[in-house]
Amino acid sequence: METLIINLLLTMMALAVVILARSRNLFAVIVLGGVYSFLMATVLVALDAVDVAMTEAAVGAGISTVLLLGALHLCKTEEAKPIHRPWLPLAVACGTAAVLAYGTLDLPAFSDPQAPIHVHVASRYLAEAMAQTGVPNVVTAVLASYRGYDTLGETVVVFTAGAGVIALLRRRKNNNDRRATQTDFSGERRP
Amino acid sequence: MTLASHFSYWITLFLMVAGLFIVIARGNLIKKLVGLGIFQTSVYLLYIAPGKLIGGTAPILAEGFKVYSNPLPHVLILTAIVVGVATLALGLALVVRIREAYGSIEEDEILQRDHSYQAEDAA
């Protein structure tokens with residue numbers, strides 16, 4: 001039953017991505033991206049990753065969608081028709097898929113308790129996290145206690161990205177080079 | 001190896017390849033970033049699906065539960081989600097700047113303008 005629910009949700013995600021890839025209206029693409037993220041969050045709950053599901057719902061479906069809509073506000077909402085038929089990218093994608101599918105044949109079956117991922121360190125964290133850190137949520141214990149420095153590094157990444165965004169968008173006010181002042185492709189005149 | 005035992009891998013793989021296809025084939029920069037996001041989220045599934053144990057529960061220790069899913073992929077992917085949104089924000093800031101400088105977010109129009117500028121500079 002559990003497997004059935006997970007597989008059904010995964011199929012819905014694949015469908016959302018197919019519709020998303022075919023749509024040329026960027027607003028629809030972004031909303032479908034939000035739908036995809038919420039489906040992903042639901043799958044993660046079914047896969048017992050509740051912390052990840054909460055983060056994905058808040059960050060993937062929330063902040064990402066808001067950021068994309070904000071950027072879309074400054075751009076056109078319709079994607080141009082492609083000049084070439086996408087045969088070469090399709091061939092590259094199918095080739096990659098074939099190689100990866102060949103690779104999955106050796107992987108352990110879904111939810112196999114004897115799979116290598118379940119027989120190494122994970123059981124030690126589950127057994128000792130409570131005694132060593134006093135935190136019942138093992139994900140929190142590993143994230144904030146055992147691997148606290150990784151989380152610090154992650155903060156540095158987010159800080160760098162934020163600084164980059166500010167540096168990029170601050171130049172807008174005093175940008176007077178000749179390319180910016182020319183008429184653009186959409187026919188609008190720049191102020 | 002059966003369909004049921006490997007289904008999650010194959011959907012993951014499909015999402016990954018679909019994201020790759022959107023990034024390569026679509027000329028619109030915002031659509032490319034959405035494709036990149038799909039590629040990223042497929043990696044979340046690749047990590048978390050193998051950590052699931054059917055009949056297990058979320059790795060929050062409590063009385064009365066014996067079987068827990070593997071917590072380590074969850075920790076890795078929590079970091080990946082936050083880094084993913086940082087990448088997206090930076091990419092979108094670049095898109096906004098490109099739109100201001102070139103007046104377009106279509107890859108072929110941007111390349112066309114670049115070529116015409118090069119021709120101007122040469123002349």
# chains A, B, ... in the order shown; residues from 1 in each chain; ligands from 1
$ interface_residues --of "chain A" --to "chain B" --cutoff "6 Å" --atoms "only C-alpha atoms" --output "ChimeraX atom specification"
/A:47-48,52,86,89,93,109-111,136-139,143,158,161,165,180,184-185
$ select_by_dssp --residues "chain B" --states "strand (DSSP E or B)" --output "ChimeraX atom specification"
/B:28,57,60,68,106
$ select_by_dssp --residues "region 4-172 of chain A" --states "alpha helix (DSSP H)" --output "ChimeraX atom specification"
/A:4-22,26-46,50-55,64-73,87-104,116-119,122-133,138-141,148-170
